[in-house]
Amino acid sequence: MTRLRQAQIGLTALLSVGIAVHTTRLILGVEAVQDLVLTRAFDSAFAVVMLVAAVLLWRAKNAIDWRGMGERILFWVSFGYVALSVVLHGRSWFSEEATDVFAAFPYWYSAAFLAVIAFVLTLWWRLRPAACD
């Protein structure tokens with residue numbers, strides 16, 4: 001399996017969990033998600049999944065057949081988003097109140113997240129592996 005394919009699968013797995021959380025937020029509301037889903041244990045495990053995805057993305061950076069600046073921007077924005085998310089969610093390893101940050105994001109953020117992530121995943125799966133991988 002190529003490093004790009006590993007990164008695609010890791011990113012898809014990570015973002016699928018994010019899709020489930022944000023869809024649940026839109027349906028049930030912030031309070032219900034924080035009480036039922038976004039517990040400290042869940043957030044801690046989610047941070048580990050994010051860390052694995054970040055490593056897979058990093059390993060894939062030289063294994064992509066870059067066809068333009070847009071693909072490079074997609075990669076670095078995706079990597080930056082995942083790396084920042086590791087820090088945000090990794091706080092739950094050290095703090096009881098780490099999941100409270102979820103309430104700081106406005107309701108519309110979840111809807112925007114779903115639209116953007118569908119676009120990002122489509123673009124990621126269109127990337128081609130480099131000949132050397």
# chains A, B, ... in the order shown; residues from 1 in each chain; ligands from 1
call {"tool": "select_by_dssp", "arguments": {"residues": "segment 5-132 of chain A", "states": "alpha helix (DSSP H)", "output": "VMD selection string"}}
result
chain A and resid 5 to 28 30 to 36 40 to 60 69 to 90 107 to 124
call {"tool": "residues_around", "arguments": {"residues": "Leu123 of chain A", "least_positions_apart": "6", "cutoff": "10 Å", "atoms": "only C-alpha atoms", "output": "list in words"}}
result
Gly70, Glu71, Leu74, Phe75 and Ile117 of chain A
call {"tool": "atom_distance", "arguments": {"atom1": "atom CA of Asp65 of chain A", "atom2": "atom CA of Arg128 of chain A"}}
result
5.4 Å
call {"tool": "residues_around", "arguments": {"residues": "segment 3-17 of chain A", "least_positions_apart": "5", "cutoff": "7 Å", "atoms": "only C-alpha atoms", "output": "list of chain:residue names"}}
result
A:Val49, A:Met50, A:Ala53, A:Leu56, A:Leu57, A:Arg59, A:Ala60, A:Ala63, A:Ile64, A:Leu121, A:Trp124, A:Trp125, A:Pro129
